[in-house]
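What follows is coords11.cif (mmCIF, C-alpha atoms).
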```cif
data_structure
loop_
_atom_site.group_PDB
_atom_site.id
_atom_site.type_symbol
_atom_site.label_atom_id
_atom_site.label_comp_id
_atom_site.auth_asym_id
_atom_site.auth_seq_id
_atom_site.Cartn_x
_atom_site.Cartn_y
_atom_site.Cartn_z
ATOM 1 C CA MET A 11 1.463 38.765 117.851
ATOM 2 C CA MET A 12 3.638 40.255 115.118
ATOM 3 C CA GLU A 13 3.949 36.853 113.481
ATOM 4 C CA GLN A 14 0.165 36.559 113.419
ATOM 5 C CA ASP A 15 -0.143 40.032 111.940
ATOM 6 C CA MET A 16 2.317 38.965 109.258
ATOM 7 C CA ASN A 17 0.017 35.986 108.663
ATOM 8 C CA VAL A 18 -2.621 38.401 107.440
ATOM 9 C CA LEU A 19 -0.288 39.398 104.657
ATOM 10 C CA HIS A 20 1.668 36.253 103.927
ATOM 11 C CA GLY A 21 -0.388 33.159 104.826
ATOM 12 C CA LEU A 22 0.066 30.664 107.614
ATOM 13 C CA THR A 23 2.249 30.911 110.707
ATOM 14 C CA LEU A 24 4.739 28.190 111.562
ATOM 15 C CA CYS A 25 2.449 26.923 114.349
ATOM 16 C CA GLN A 26 -0.455 26.679 111.931
ATOM 17 C CA ARG A 27 1.665 24.780 109.413
ATOM 18 C CA VAL A 28 2.853 22.365 112.100
ATOM 19 C CA ALA A 29 -0.702 21.761 113.357
ATOM 20 C CA ILE A 30 -1.985 21.214 109.817
ATOM 21 C CA CYS A 31 0.896 18.845 109.034
ATOM 22 C CA PHE A 32 0.249 16.919 112.259
ATOM 23 C CA THR A 33 -3.230 16.194 110.943
ATOM 24 C CA SER A 34 -1.867 15.501 107.452
ATOM 25 C CA GLY A 35 0.590 13.038 108.964
ATOM 26 C CA VAL A 36 -2.279 11.174 110.626
ATOM 27 C CA VAL A 37 -3.959 10.860 107.223
ATOM 28 C CA GLY A 38 -0.624 9.769 105.688
ATOM 29 C CA ALA A 39 -0.347 7.063 108.321
ATOM 30 C CA GLY A 40 -3.945 6.072 107.580
ATOM 31 C CA ALA A 41 -2.854 5.569 103.973
ATOM 32 C CA VAL A 42 -0.025 3.281 105.135
ATOM 33 C CA VAL A 43 -2.504 1.189 107.138
ATOM 34 C CA LEU A 44 -4.812 0.897 104.125
ATOM 35 C CA PHE A 45 -1.863 0.126 101.845
ATOM 36 C CA SER A 46 -0.854 -2.748 104.127
ATOM 37 C CA TYR A 47 -4.277 -4.257 103.365
ATOM 38 C CA VAL A 48 -3.810 -3.725 99.637
ATOM 39 C CA LEU A 49 -0.436 -5.481 99.788
ATOM 40 C CA PHE A 50 -2.013 -8.253 101.833
ATOM 41 C CA GLY A 51 -4.909 -8.630 99.419
ATOM 42 C CA LEU A 52 -2.536 -8.765 96.439
ATOM 43 C CA GLY A 53 -0.461 -11.469 98.128
ATOM 44 C CA ILE A 54 2.648 -9.267 98.157
ATOM 45 C CA SER A 55 2.867 -9.292 101.965
ATOM 46 C CA SER A 56 2.947 -13.086 102.121
ATOM 47 C CA ALA A 57 5.473 -13.194 99.251
ATOM 48 C CA LEU A 58 7.691 -11.000 101.453
ATOM 49 C CA GLY A 59 7.124 -13.220 104.494
ATOM 50 C CA VAL A 60 4.632 -10.962 106.290
ATOM 51 C CA LYS A 61 1.560 -12.884 107.383
ATOM 52 C CA ALA A 62 -0.837 -10.102 108.410
ATOM 53 C CA PRO A 63 -1.558 -6.451 107.647
ATOM 54 C CA ILE A 64 -1.467 -3.721 110.305
ATOM 55 C CA PRO A 65 -4.197 -4.590 112.852
ATOM 56 C CA LEU A 66 -7.317 -2.438 112.704
ATOM 57 C CA LYS A 67 -8.254 -3.384 116.267
ATOM 58 C CA SER A 68 -8.345 -0.896 119.093
ATOM 59 C CA PRO A 69 -6.041 0.228 120.640
ATOM 60 C CA ASP A 70 -3.333 -1.028 118.211
ATOM 61 C CA ILE A 71 -4.623 0.998 115.271
ATOM 62 C CA TYR A 72 -4.144 4.310 117.077
ATOM 63 C CA ARG A 73 -0.376 3.930 117.491
ATOM 64 C CA PRO A 74 0.635 4.197 113.802
ATOM 65 C CA LEU A 75 -1.898 6.975 113.247
ATOM 66 C CA PHE A 76 -0.595 9.039 116.141
ATOM 67 C CA TRP A 77 3.037 8.474 115.180
ATOM 68 C CA GLY A 78 2.124 9.565 111.670
ATOM 69 C CA GLY A 79 0.917 12.797 113.221
ATOM 70 C CA LEU A 80 4.132 13.177 115.201
ATOM 71 C CA TRP A 81 6.193 12.698 112.025
ATOM 72 C CA GLY A 82 3.993 15.289 110.393
ATOM 73 C CA ILE A 83 5.330 17.879 112.872
ATOM 74 C CA PRO A 84 8.905 18.077 111.510
ATOM 75 C CA PHE A 85 7.348 17.985 108.037
ATOM 76 C CA GLY A 86 5.387 21.085 109.008
ATOM 77 C CA LEU A 87 8.547 22.774 110.228
ATOM 78 C CA LEU A 88 10.180 22.208 106.834
ATOM 79 C CA ILE A 89 7.208 22.690 104.533
ATOM 80 C CA GLY A 90 7.870 26.389 103.979
ATOM 81 C CA ALA A 91 11.391 25.703 102.726
ATOM 82 C CA VAL A 92 10.346 22.878 100.390
ATOM 83 C CA TRP A 93 7.050 24.295 99.143
ATOM 84 C CA LYS A 94 8.200 24.542 95.511
ATOM 85 C CA SER A 95 9.178 20.874 95.344
ATOM 86 C CA LEU A 96 6.655 19.698 97.915
ATOM 87 C CA TYR A 97 5.644 16.424 96.292
ATOM 88 C CA LEU A 98 9.228 15.301 95.658
ATOM 89 C CA PHE A 99 10.171 16.215 99.219
ATOM 90 C CA GLY A 100 7.000 14.577 100.518
ATOM 91 C CA PHE A 101 7.741 11.367 98.648
ATOM 92 C CA LEU A 102 11.296 11.302 100.028
ATOM 93 C CA TYR A 103 10.166 12.309 103.519
ATOM 94 C CA VAL A 104 9.158 8.694 104.217
ATOM 95 C CA LEU A 105 12.892 8.121 104.690
ATOM 96 C CA ALA A 106 12.761 10.019 108.007
ATOM 97 C CA PRO A 107 10.390 7.649 109.859
ATOM 98 C CA LEU A 108 11.905 4.687 108.011
ATOM 99 C CA LEU A 109 15.405 5.532 109.203
ATOM 100 C CA ALA A 110 14.120 5.942 112.757
ATOM 101 C CA LEU A 111 12.410 2.557 112.390
ATOM 102 C CA PHE A 112 15.468 0.856 110.912
ATOM 103 C CA LEU A 113 18.071 2.388 113.215
ATOM 104 C CA ILE A 114 16.198 2.858 116.515
ATOM 105 C CA PHE A 115 12.831 1.154 116.897
ATOM 106 C CA LEU A 116 13.563 -2.195 115.200
ATOM 107 C CA PRO A 117 16.902 -2.703 117.016
ATOM 108 C CA ILE A 118 15.176 -1.820 120.323
ATOM 109 C CA GLY A 119 12.368 -4.269 119.479
ATOM 110 C CA GLY A 120 14.927 -7.034 118.916
ATOM 111 C CA ALA A 121 14.582 -7.223 115.129
ATOM 112 C CA GLY A 122 18.069 -5.813 114.576
ATOM 113 C CA PHE A 123 19.185 -2.926 112.403
ATOM 114 C CA PHE A 124 16.915 -2.579 109.355
ATOM 115 C CA GLY A 125 14.894 -5.487 110.782
ATOM 116 C CA LEU A 126 17.421 -7.839 109.189
ATOM 117 C CA ARG A 127 17.015 -10.459 111.906
ATOM 118 C CA GLN A 128 13.655 -11.164 110.295
ATOM 119 C CA GLY A 129 15.283 -11.376 106.888
ATOM 120 C CA PRO A 130 15.934 -8.869 104.103
ATOM 121 C CA LEU A 131 12.442 -9.424 102.666
ATOM 122 C CA PHE A 132 10.988 -7.937 105.857
ATOM 123 C CA THR A 133 13.116 -4.830 105.332
ATOM 124 C CA LEU A 134 11.808 -4.632 101.775
ATOM 125 C CA TYR A 135 8.240 -4.989 103.026
ATOM 126 C CA LEU A 136 8.680 -2.173 105.530
ATOM 127 C CA LEU A 137 10.080 0.045 102.797
ATOM 128 C CA LEU A 138 7.194 -0.795 100.493
ATOM 129 C CA VAL A 139 4.334 -0.511 102.978
ATOM 130 C CA ASN A 140 5.493 2.871 104.253
ATOM 131 C CA LEU A 141 5.897 4.394 100.772
ATOM 132 C CA PRO A 142 2.544 6.232 100.755
ATOM 133 C CA PHE A 143 3.257 8.098 104.001
ATOM 134 C CA GLY A 144 5.255 11.086 102.812
ATOM 135 C CA ILE A 145 3.480 11.696 99.551
ATOM 136 C CA ILE A 146 -0.009 11.374 101.058
ATOM 137 C CA THR A 147 1.022 13.672 103.918
ATOM 138 C CA ALA A 148 2.269 16.197 101.356
ATOM 139 C CA LEU A 149 -0.878 15.902 99.215
ATOM 140 C CA VAL A 150 -3.156 16.358 102.223
ATOM 141 C CA ALA A 151 -1.092 19.271 103.551
ATOM 142 C CA ARG A 152 -1.225 20.915 100.122
ATOM 143 C CA ALA A 153 -4.985 20.349 99.897
ATOM 144 C CA ILE A 154 -5.515 21.925 103.327
ATOM 145 C CA ILE A 155 -3.047 24.796 102.966
ATOM 146 C CA GLY A 156 -3.988 25.726 99.412
ATOM 147 C CA THR A 157 -1.940 27.872 97.069
ATOM 148 C CA HIS A 158 -0.619 30.320 99.673
ATOM 149 C CA LEU A 159 1.639 28.952 102.382
ATOM 150 C CA MET B 29 -15.684 27.901 86.402
ATOM 151 C CA THR B 30 -15.115 24.548 88.075
ATOM 152 C CA GLU B 31 -15.626 23.620 91.722
ATOM 153 C CA ARG B 32 -11.842 23.458 92.081
ATOM 154 C CA ASP B 33 -11.503 27.040 90.825
ATOM 155 C CA LEU B 34 -14.093 28.106 93.373
ATOM 156 C CA ASN B 35 -12.176 26.342 96.167
ATOM 157 C CA VAL B 36 -8.944 28.067 95.117
ATOM 158 C CA MET B 37 -10.813 31.401 95.027
ATOM 159 C CA GLU B 38 -12.193 30.753 98.533
ATOM 160 C CA LYS B 39 -8.679 30.078 99.823
ATOM 161 C CA ASP B 40 -7.323 33.209 98.123
ATOM 162 C CA LEU B 41 -10.135 35.248 99.652
ATOM 163 C CA HIS B 42 -9.364 33.888 103.106
ATOM 164 C CA VAL B 43 -5.690 34.732 102.688
ATOM 165 C CA MET B 44 -6.638 38.281 101.757
ATOM 166 C CA GLN B 45 -8.933 38.505 104.784
ATOM 167 C CA GLY B 46 -6.253 37.040 107.015
ATOM 168 C CA GLY B 47 -8.517 34.173 108.133
ATOM 169 C CA LEU B 48 -8.419 30.445 107.626
ATOM 170 C CA THR B 49 -10.531 28.090 105.554
ATOM 171 C CA THR B 50 -12.858 25.616 107.265
ATOM 172 C CA THR B 51 -10.501 22.762 106.364
ATOM 173 C CA GLN B 52 -7.566 24.607 107.909
ATOM 174 C CA ARG B 53 -9.531 25.252 111.089
ATOM 175 C CA VAL B 54 -10.594 21.599 111.278
ATOM 176 C CA ALA B 55 -6.996 20.411 110.756
ATOM 177 C CA ILE B 56 -5.668 22.816 113.386
ATOM 178 C CA CYS B 57 -8.402 21.819 115.833
ATOM 179 C CA PHE B 58 -7.552 18.143 115.330
ATOM 180 C CA ALA B 59 -4.105 18.924 116.736
ATOM 181 C CA ALA B 60 -5.621 21.144 119.435
ATOM 182 C CA GLY B 61 -8.005 18.333 120.412
ATOM 183 C CA ALA B 62 -5.112 15.888 120.725
ATOM 184 C CA ILE B 63 -3.453 18.342 123.128
ATOM 185 C CA GLY B 64 -6.757 18.740 125.006
ATOM 186 C CA ALA B 65 -6.890 14.953 125.376
ATOM 187 C CA ALA B 66 -3.279 14.933 126.612
ATOM 188 C CA ALA B 67 -4.387 17.423 129.286
ATOM 189 C CA VAL B 68 -7.100 14.950 130.340
ATOM 190 C CA VAL B 69 -4.513 12.165 130.593
ATOM 191 C CA LEU B 70 -2.236 14.360 132.728
ATOM 192 C CA PHE B 71 -5.198 15.493 134.822
ATOM 193 C CA SER B 72 -6.124 11.864 135.523
ATOM 194 C CA HIS B 73 -2.628 11.401 136.978
ATOM 195 C CA ALA B 74 -2.977 14.606 139.006
ATOM 196 C CA LEU B 75 -6.314 13.373 140.411
ATOM 197 C CA PHE B 76 -4.715 10.024 141.171
ATOM 198 C CA TRP B 77 -1.807 11.555 143.079
ATOM 199 C CA LEU B 78 -4.159 13.870 144.979
ATOM 200 C CA GLY B 79 -6.170 10.817 146.063
ATOM 201 C CA LEU B 80 -9.376 12.093 144.441
ATOM 202 C CA SER B 81 -9.560 9.136 142.037
ATOM 203 C CA ALA B 82 -9.473 6.660 144.922
ATOM 204 C CA THR B 83 -12.127 8.663 146.780
ATOM 205 C CA LEU B 84 -14.359 8.331 143.725
ATOM 206 C CA GLY B 85 -13.648 4.600 143.435
ATOM 207 C CA VAL B 86 -11.198 4.742 140.516
ATOM 208 C CA LYS B 87 -8.051 2.752 141.170
ATOM 209 C CA ALA B 88 -5.779 3.878 138.312
ATOM 210 C CA PRO B 89 -5.238 6.899 136.077
ATOM 211 C CA VAL B 90 -5.385 6.756 132.271
ATOM 212 C CA SER B 91 -2.664 4.361 131.149
ATOM 213 C CA LEU B 92 0.491 5.940 129.760
ATOM 214 C CA LYS B 93 1.577 2.636 128.209
ATOM 215 C CA SER B 94 1.668 1.978 124.501
ATOM 216 C CA PRO B 95 -0.629 1.372 122.668
ATOM 217 C CA ASP B 96 -3.324 2.389 125.216
ATOM 218 C CA ILE B 97 -2.176 5.999 125.459
ATOM 219 C CA TYR B 98 -2.732 6.675 121.750
ATOM 220 C CA LYS B 99 -6.471 5.972 121.825
ATOM 221 C CA PRO B 100 -7.584 8.950 123.973
ATOM 222 C CA LEU B 101 -5.178 11.245 122.100
ATOM 223 C CA PHE B 102 -6.559 10.204 118.723
ATOM 224 C CA TRP B 103 -10.170 10.503 119.870
ATOM 225 C CA GLY B 104 -9.341 13.902 121.308
ATOM 226 C CA GLY B 105 -8.198 14.854 117.832
ATOM 227 C CA LEU B 106 -11.441 13.616 116.289
ATOM 228 C CA TRP B 107 -13.529 15.602 118.762
ATOM 229 C CA GLY B 108 -11.262 18.554 118.096
ATOM 230 C CA SER B 109 -12.018 18.297 114.365
ATOM 231 C CA LEU B 110 -15.717 18.668 115.131
ATOM 232 C CA PHE B 111 -14.895 21.698 117.293
ATOM 233 C CA GLY B 112 -13.054 23.141 114.292
ATOM 234 C CA LEU B 113 -16.232 23.080 112.225
ATOM 235 C CA PHE B 114 -17.923 25.726 114.380
ATOM 236 C CA ILE B 115 -14.980 27.460 116.065
ATOM 237 C CA LYS B 116 -15.426 30.523 113.882
ATOM 238 C CA ALA B 117 -19.079 30.874 114.896
ATOM 239 C CA ALA B 118 -18.082 30.525 118.558
ATOM 240 C CA TRP B 119 -15.010 32.771 118.284
ATOM 241 C CA ASN B 120 -16.388 35.640 120.393
ATOM 242 C CA ARG B 121 -17.177 33.254 123.263
ATOM 243 C CA LEU B 122 -14.460 30.748 122.500
ATOM 244 C CA TYR B 123 -13.404 29.907 126.042
ATOM 245 C CA LEU B 124 -16.975 29.529 127.304
ATOM 246 C CA VAL B 125 -17.921 27.344 124.324
ATOM 247 C CA GLY B 126 -14.625 25.488 124.689
ATOM 248 C CA PHE B 127 -15.248 24.805 128.362
ATOM 249 C CA LEU B 128 -18.779 23.573 127.625
ATOM 250 C CA TYR B 129 -17.627 21.578 124.590
ATOM 251 C CA VAL B 130 -16.476 18.786 126.919
ATOM 252 C CA LEU B 131 -20.175 17.914 127.115
ATOM 253 C CA ALA B 132 -20.058 16.589 123.528
ATOM 254 C CA PRO B 133 -17.548 13.742 124.130
ATOM 255 C CA LEU B 134 -18.998 13.217 127.617
ATOM 256 C CA LEU B 135 -22.502 12.709 126.253
ATOM 257 C CA ALA B 136 -21.147 10.291 123.632
ATOM 258 C CA LEU B 137 -19.355 8.460 126.438
ATOM 259 C CA PHE B 138 -22.380 8.401 128.744
ATOM 260 C CA LEU B 139 -25.021 7.567 126.163
ATOM 261 C CA PHE B 140 -23.097 5.422 123.679
ATOM 262 C CA PHE B 141 -19.654 4.089 124.618
ATOM 263 C CA LEU B 142 -20.289 3.225 128.287
ATOM 264 C CA PRO B 143 -23.609 1.427 127.634
ATOM 265 C CA MET B 144 -21.922 -0.472 124.779
ATOM 266 C CA SER B 145 -19.140 -1.632 127.081
ATOM 267 C CA GLY B 146 -21.623 -2.833 129.706
ATOM 268 C CA ALA B 147 -21.143 0.008 132.208
ATOM 269 C CA GLY B 148 -24.671 1.262 131.593
ATOM 270 C CA TYR B 149 -25.926 4.741 130.791
ATOM 271 C CA PHE B 150 -23.699 7.377 132.423
ATOM 272 C CA GLY B 151 -21.553 4.477 133.679
ATOM 273 C CA LEU B 152 -24.021 4.052 136.526
ATOM 274 C CA HIS B 153 -23.484 0.288 136.716
ATOM 275 C CA ARG B 154 -20.163 1.208 138.317
ATOM 276 C CA GLY B 155 -21.793 3.628 140.723
ATOM 277 C CA PRO B 156 -22.578 7.356 140.622
ATOM 278 C CA THR B 157 -19.107 8.322 141.884
ATOM 279 C CA PHE B 158 -17.658 6.836 138.690
ATOM 280 C CA THR B 159 -19.887 9.183 136.698
ATOM 281 C CA VAL B 160 -18.645 12.115 138.799
ATOM 282 C CA TYR B 161 -15.046 11.004 138.174
ATOM 283 C CA LEU B 162 -15.601 10.893 134.413
ATOM 284 C CA VAL B 163 -17.068 14.407 134.425
ATOM 285 C CA LEU B 164 -14.197 15.668 136.567
ATOM 286 C CA VAL B 165 -11.338 14.017 134.693
ATOM 287 C CA ASN B 166 -12.605 15.169 131.303
ATOM 288 C CA LEU B 167 -13.123 18.795 132.374
ATOM 289 C CA PRO B 168 -9.828 20.108 130.922
ATOM 290 C CA PHE B 169 -10.544 18.780 127.427
ATOM 291 C CA GLY B 170 -12.666 21.543 125.934
ATOM 292 C CA ILE B 171 -10.965 24.495 127.532
ATOM 293 C CA VAL B 172 -7.432 23.245 126.782
ATOM 294 C CA SER B 173 -8.480 22.490 123.196
ATOM 295 C CA ALA B 174 -9.913 26.011 122.898
ATOM 296 C CA LEU B 175 -6.829 27.633 124.429
ATOM 297 C CA THR B 176 -4.543 25.654 122.116
ATOM 298 C CA ALA B 177 -6.664 26.403 119.059
ATOM 299 C CA ARG B 178 -6.659 30.115 119.958
ATOM 300 C CA ALA B 179 -2.882 30.069 120.420
ATOM 301 C CA ILE B 180 -2.375 28.412 117.028
ATOM 302 C CA ILE B 181 -5.016 30.314 115.068
ATOM 303 C CA GLY B 182 -4.263 33.751 116.475
ATOM 304 C CA LYS B 183 -6.600 36.690 116.032
ATOM 305 C CA TYR B 184 -8.329 35.722 112.790
ATOM 306 C CA PRO B 185 -10.233 32.415 112.732
#
```

Give the structure from this file in structure tokens form.
Amino acid sequence: MMEQDMNVLHGLTLCQRVAICFTSGVVGAGAVVLFSYVLFGLGISSALGVKAPIPLKSPDIYRPLFWGGLWGIPFGLLIGAVWKSLYLFGFLYVLAPLLALFLIFLPIGGAGFFGLRQGPLFTLYLLLVNLPFGIITALVARAIIGTHL
Amino acid sequence: MTERDLNVMEKDLHVMQGGLTTTQRVAICFAAGAIGAAAVVLFSHALFWLGLSATLGVKAPVSLKSPDIYKPLFWGGLWGSLFGLFIKAAWNRLYLVGFLYVLAPLLALFLFFLPMSGAGYFGLHRGPTFTVYLVLVNLPFGIVSALTARAIIGKYP
């Protein structure tokens, strides 16, 4: 209750920031999905050995969007501390899900650390396609939160 | 004065009043809706273990497997966003409105999604007990979304 009273004076509570950044993360992930189509359309995906963009079909499409939201949660926990350099932090924040992908999810999925069993170009593609995530999440969070955190 | 200046002024005003902007409420209610949908998923498992699902002719709860699980959670978020648009107007009767808000996704299911998938209006091609099951299993959505939104938003919407 006291925290919410403080909100009256100082802006958003931590819970509110986390909830807003969850939603921002979903939008950030939406940007990654769209960017995969841009890369595909430009022929960059095929140059890097990737034959298809992220599927838009249900239910596959919901997984990256929801995980984007989940990654938005730790972003929301940190946003107060990094508010002054939000866009730089946001841009670099893509490293968090990427590291989890490279060191946990890809090895579990059989693609090896950094996805190197599918070749270094695949690693490069993953790096490239995920680039919009952090910065779009930060931009959306900033647009929703406004000038006062 | 530009539109952007006006938006900044609106946000400043809300900060002074201690409330949230519409966009903030919508974003928060997206998250609250996802949690409301998670409650529906859990409730479907509770109904399954209690044997109520089988009584109503439903043989399995909502799948917890990936990627199936993400669909109801995401749609819960979308319905939550809509809830966020009028949560301030409903603030004084939030829990009542929240409880009744389940009717919005249910009506979309009954009148749009089920007929499109071949189950007929209200899912009646699969029998009336299936319709009852859908009403029952979705019951927690609105109220859990409202409770979560209230917990996140606090006193000032």

Please produce, as a tab-separated table, a per-residue contact table for chain B versus chain A (criterion: any atom at most 6 Å away, only C-alpha atoms considered), showing the nearest atom pair and its distance in Å to one decimal, sorted by chain then residue number.
```
residue	atom	partner	partner_atom	distance
B:Val43	CA	A:Gly21	CA	5.9
B:Gly46	CA	A:Val18	CA	3.9
B:Thr51	CA	A:Ile154	CA	5.9
B:Gln52	CA	A:Ile154	CA	5.7
B:Ala55	CA	A:Ile30	CA	5.2
B:Ile56	CA	A:Ala29	CA	5.1
B:Ala59	CA	A:Ala29	CA	5.6
B:Pro95	CA	A:Asp70	CA	5.7
B:Asp96	CA	A:Pro69	CA	5.7
B:Tyr98	CA	A:Tyr72	CA	5.4
B:Lys99	CA	A:Tyr72	CA	5.5
B:Ile180	CA	A:Cys25	CA	5.7
```

* Reference answer for the PyMOL selection byres ((chain B and resi 66-72) around 7), as a list of chain:residue names ->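 Output from the PyMOL selection byres ((chain B and resi 66-72) around 7), applied to this file: B:Ala62, B:Ile63, B:Gly64, B:Ala65, B:His73, B:Ala74, B:Leu75, B:Phe76, B:Pro89, B:Val90, B:Leu101, B:Val165, B:Asn166, B:Pro168, B:Phe169.
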
Would you save the residues from that selection as a PDB file, keeping the file's coordinate frame, using C-alpha atoms?
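Once written, again_9.pdb looks like this:
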```pdb
ATOM      1  CA  ALA B  62      -5.112  15.888 120.725  1.00  0.00           C
ATOM      2  CA  ILE B  63      -3.453  18.342 123.128  1.00  0.00           C
ATOM      3  CA  GLY B  64      -6.757  18.740 125.006  1.00  0.00           C
ATOM      4  CA  ALA B  65      -6.890  14.953 125.376  1.00  0.00           C
ATOM      5  CA  HIS B  73      -2.628  11.401 136.978  1.00  0.00           C
ATOM      6  CA  ALA B  74      -2.977  14.606 139.006  1.00  0.00           C
ATOM      7  CA  LEU B  75      -6.314  13.373 140.411  1.00  0.00           C
ATOM      8  CA  PHE B  76      -4.715  10.024 141.171  1.00  0.00           C
ATOM      9  CA  PRO B  89      -5.238   6.899 136.077  1.00  0.00           C
ATOM     10  CA  VAL B  90      -5.385   6.756 132.271  1.00  0.00           C
ATOM     11  CA  LEU B 101      -5.178  11.245 122.100  1.00  0.00           C
ATOM     12  CA  VAL B 165     -11.338  14.017 134.693  1.00  0.00           C
ATOM     13  CA  ASN B 166     -12.605  15.169 131.303  1.00  0.00           C
ATOM     14  CA  PRO B 168      -9.828  20.108 130.922  1.00  0.00           C
ATOM     15  CA  PHE B 169     -10.544  18.780 127.427  1.00  0.00           C
TER      16      PHE B 169
END
```

Find the residues of segment 51-154 of chain B that sit at most 7 Å from segment 174-177 of chain B; for each, write down the nearest two atoms and how far apart they are in Å, to one decimal. Count all atoms listed in the file. Sort by chain, then by number going up, and give it as JSON lines.
```
{"residue": "B:Ile56", "atom": "CA", "partner": "B:Ala177", "partner_atom": "CA", "distance": 6.8}
{"residue": "B:Cys57", "atom": "CA", "partner": "B:Ala177", "partner_atom": "CA", "distance": 5.9}
{"residue": "B:Ala60", "atom": "CA", "partner": "B:Thr176", "partner_atom": "CA", "distance": 5.4}
{"residue": "B:Leu122", "atom": "CA", "partner": "B:Ala174", "partner_atom": "CA", "distance": 6.6}
{"residue": "B:Tyr123", "atom": "CA", "partner": "B:Ala174", "partner_atom": "CA", "distance": 6.1}
{"residue": "B:Gly126", "atom": "CA", "partner": "B:Ala174", "partner_atom": "CA", "distance": 5.1}
```

How about saving the chosen residues, C-alpha atoms kept, as a compact mmCIF listing (two decimals), in the coordinates of the input?
```txt
# COMPACT_ATOMS: atom_id res chain seq x y z
CA ILE B 56 -5.67 22.82 113.39
CA CYS B 57 -8.40 21.82 115.83
CA ALA B 60 -5.62 21.14 119.44
CA LEU B 122 -14.46 30.75 122.50
CA TYR B 123 -13.40 29.91 126.04
CA GLY B 126 -14.62 25.49 124.69
```

Need the axis-aligned box for segment 70-78 of chain A with 6 Å each side, so what are the centre and edges in Å to one decimal, as lines of an AutoDock Vina configuration file?
```
center_x = -0.8
center_y = 4.3
center_z = 114.9
size_x = 19.7
size_y = 22.6
size_z = 18.5
```

* **Atomic separation - atom CA of Leu113 of chain B relative to atom CA of Pro133 of chain B, Å** =>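 Atom-to-atom, atom CA of Pro133 of chain B and atom CA of Leu113 of chain B are spaced 15.2 Å apart.
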
* To do: In the coordinate frame of the file, compute which residues have an atom within 9 Å of (-0.7, 1.3, 103.4) when using all atoms listed in the file, and state them as number ranges by chain.
  => A: 38-49, 63-64, 138-143

* atom CA of Gly86 of chain A to atom CA of Arg121 of chain B, distance in Å rounded to a single decimal -> 29.3 Å

* So how far away is atom CA of Leu102 of chain A from atom CA of Ala148 of chain A, in Å? ->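 Value for the atom CA of Ala148 of chain A-atom CA of Leu102 of chain A distance: 10.4 Å.
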